[in-house]
Amino acid sequence: QVQLVESGGGLVQAGGSLRVSCAASGRTFSNSGMGMGWFRQRPGQEREFVAAISWNVFNTNYADSVKGRFTISRDNAKNTVSLQMNSLKPEDTAVYYCAARRGVVRSTTALGEIDYWGQGTQVTVSS
């Protein structure tokens, strides 16, 4: 089994910054070939793609709504992936979920194609 545990959510004012992180563990977890990403679920809406990074960190992709404001990174030595969120807006308020997949995670990846999910961390941006 693989466990993904998020941390770093919280309350921030619009225009502020927040960093959420995800620690991966488990006997079967291997960074090699494992794409990782972040999705979010806003109140009353479906879970949506936010950002993703390839296992070798060479490739990243972002939802249009967060491009230029969010940055995804990963540290394979520590089995962690992080999302730095700047210039936050009230519409960024959501539960943010860490995701891992044996393969590539991209904006077109269906939720059912994700192999592992974290439990989610709440990010609230006040206006």
# chains A, B, ... in the order shown; residues from 1 in each chain; ligands from 1
>>> select_by_dssp(residues="chain A", states="strand (DSSP E)", output="ChimeraX atom specification")
/A:3-7,10-13,18-25,34-41,47-53,60-62,70-75,80-85,94-102,116-117,121-126
>>> atom_distance(atom1="CA of Ser32 (chain A)", atom2="CA of Leu83 (chain A)")
20.0 Å
>>> residues_around(residues="Arg47 (chain A)", least_positions_apart="5", cutoff="9 Å", atoms="only C-alpha atoms", output="list in words")
Phe39, Arg40, Gln41, Arg42, Val95, Tyr97 and Leu111 of chain A
>>> residues_around(residues="Asp75 (chain A)", least_positions_apart="3", cutoff="10 Å", atoms="only C-alpha atoms", output="PyMOL selection string")
chain A and resi 23+31+55-57+78-82
>>> atom_distance(atom1="CA of Ala94 (chain A)", atom2="CA of Thr121 (chain A)")
8.4 Å
>>> decode(residues="region 27-86 of chain A", atoms="C-alpha atoms", output="mmCIF file, in the first residue's frame")
data_model
loop_
_atom_site.group_PDB
_atom_site.id
_atom_site.type_symbol
_atom_site.label_atom_id
_atom_site.label_comp_id
_atom_site.auth_asym_id
_atom_site.auth_seq_id
_atom_site.Cartn_x
_atom_site.Cartn_y
_atom_site.Cartn_z
ATOM 1 C CA ARG A 27 6.273 -0.605 0.971
ATOM 2 C CA THR A 28 5.282 -0.480 -2.670
ATOM 3 C CA PHE A 29 5.981 3.191 -3.299
ATOM 4 C CA SER A 30 8.714 3.922 -5.756
ATOM 5 C CA ASN A 31 9.464 7.323 -7.192
ATOM 6 C CA SER A 32 10.642 5.770 -10.408
ATOM 7 C CA GLY A 33 7.967 6.224 -13.021
ATOM 8 C CA MET A 34 5.496 7.686 -10.532
ATOM 9 C CA GLY A 35 3.841 10.856 -11.699
ATOM 10 C CA MET A 36 2.494 13.073 -8.946
ATOM 11 C CA GLY A 37 0.101 15.940 -8.882
ATOM 12 C CA TRP A 38 -2.375 18.087 -7.022
ATOM 13 C CA PHE A 39 -6.090 18.237 -7.534
ATOM 14 C CA ARG A 40 -8.646 20.341 -5.690
ATOM 15 C CA GLN A 41 -12.323 20.239 -4.945
ATOM 16 C CA ARG A 42 -14.092 23.528 -4.465
ATOM 17 C CA PRO A 43 -17.393 23.667 -2.572
ATOM 18 C CA GLY A 44 -20.183 22.198 -4.650
ATOM 19 C CA GLN A 45 -17.883 21.307 -7.529
ATOM 20 C CA GLU A 46 -16.135 18.248 -8.874
ATOM 21 C CA ARG A 47 -12.526 17.503 -8.133
ATOM 22 C CA GLU A 48 -10.284 19.178 -10.700
ATOM 23 C CA PHE A 49 -6.690 19.080 -11.841
ATOM 24 C CA VAL A 50 -4.330 21.760 -10.515
ATOM 25 C CA ALA A 51 -0.736 20.776 -11.269
ATOM 26 C CA ALA A 52 1.459 17.768 -11.946
ATOM 27 C CA ILE A 53 5.115 16.833 -12.135
ATOM 28 C CA SER A 54 6.859 13.906 -13.771
ATOM 29 C CA TRP A 55 8.912 11.400 -11.776
ATOM 30 C CA ASN A 56 12.163 12.855 -13.133
ATOM 31 C CA VAL A 57 10.992 16.434 -12.334
ATOM 32 C CA PHE A 58 11.685 17.507 -15.917
ATOM 33 C CA ASN A 59 8.068 18.034 -16.860
ATOM 34 C CA THR A 60 5.398 20.056 -15.119
ATOM 35 C CA ASN A 61 1.961 21.146 -16.186
ATOM 36 C CA TYR A 62 -0.671 23.397 -14.682
ATOM 37 C CA ALA A 63 -4.314 24.250 -14.978
ATOM 38 C CA ASP A 64 -4.805 27.547 -16.789
ATOM 39 C CA SER A 65 -6.408 29.022 -13.681
ATOM 40 C CA VAL A 66 -3.200 28.681 -11.639
ATOM 41 C CA LYS A 67 -0.460 29.205 -14.231
ATOM 42 C CA GLY A 68 2.015 31.835 -13.132
ATOM 43 C CA ARG A 69 0.788 31.689 -9.526
ATOM 44 C CA PHE A 70 1.367 28.086 -8.420
ATOM 45 C CA THR A 71 4.574 26.061 -8.618
ATOM 46 C CA ILE A 72 4.819 22.324 -8.135
ATOM 47 C CA SER A 73 8.033 20.649 -7.045
ATOM 48 C CA ARG A 74 9.174 17.279 -5.766
ATOM 49 C CA ASP A 75 12.070 15.849 -3.809
ATOM 50 C CA ASN A 76 12.526 12.198 -4.710
ATOM 51 C CA ALA A 77 15.103 11.676 -1.987
ATOM 52 C CA LYS A 78 12.471 12.603 0.599
ATOM 53 C CA ASN A 79 9.444 11.227 -1.286
ATOM 54 C CA THR A 80 7.683 14.560 -1.101
ATOM 55 C CA VAL A 81 5.834 16.807 -3.513
ATOM 56 C CA SER A 82 4.881 20.391 -2.762
ATOM 57 C CA LEU A 83 2.690 23.092 -4.210
ATOM 58 C CA GLN A 84 3.700 26.696 -3.641
ATOM 59 C CA MET A 85 0.664 28.922 -4.068
ATOM 60 C CA ASN A 86 1.151 32.659 -4.520
#
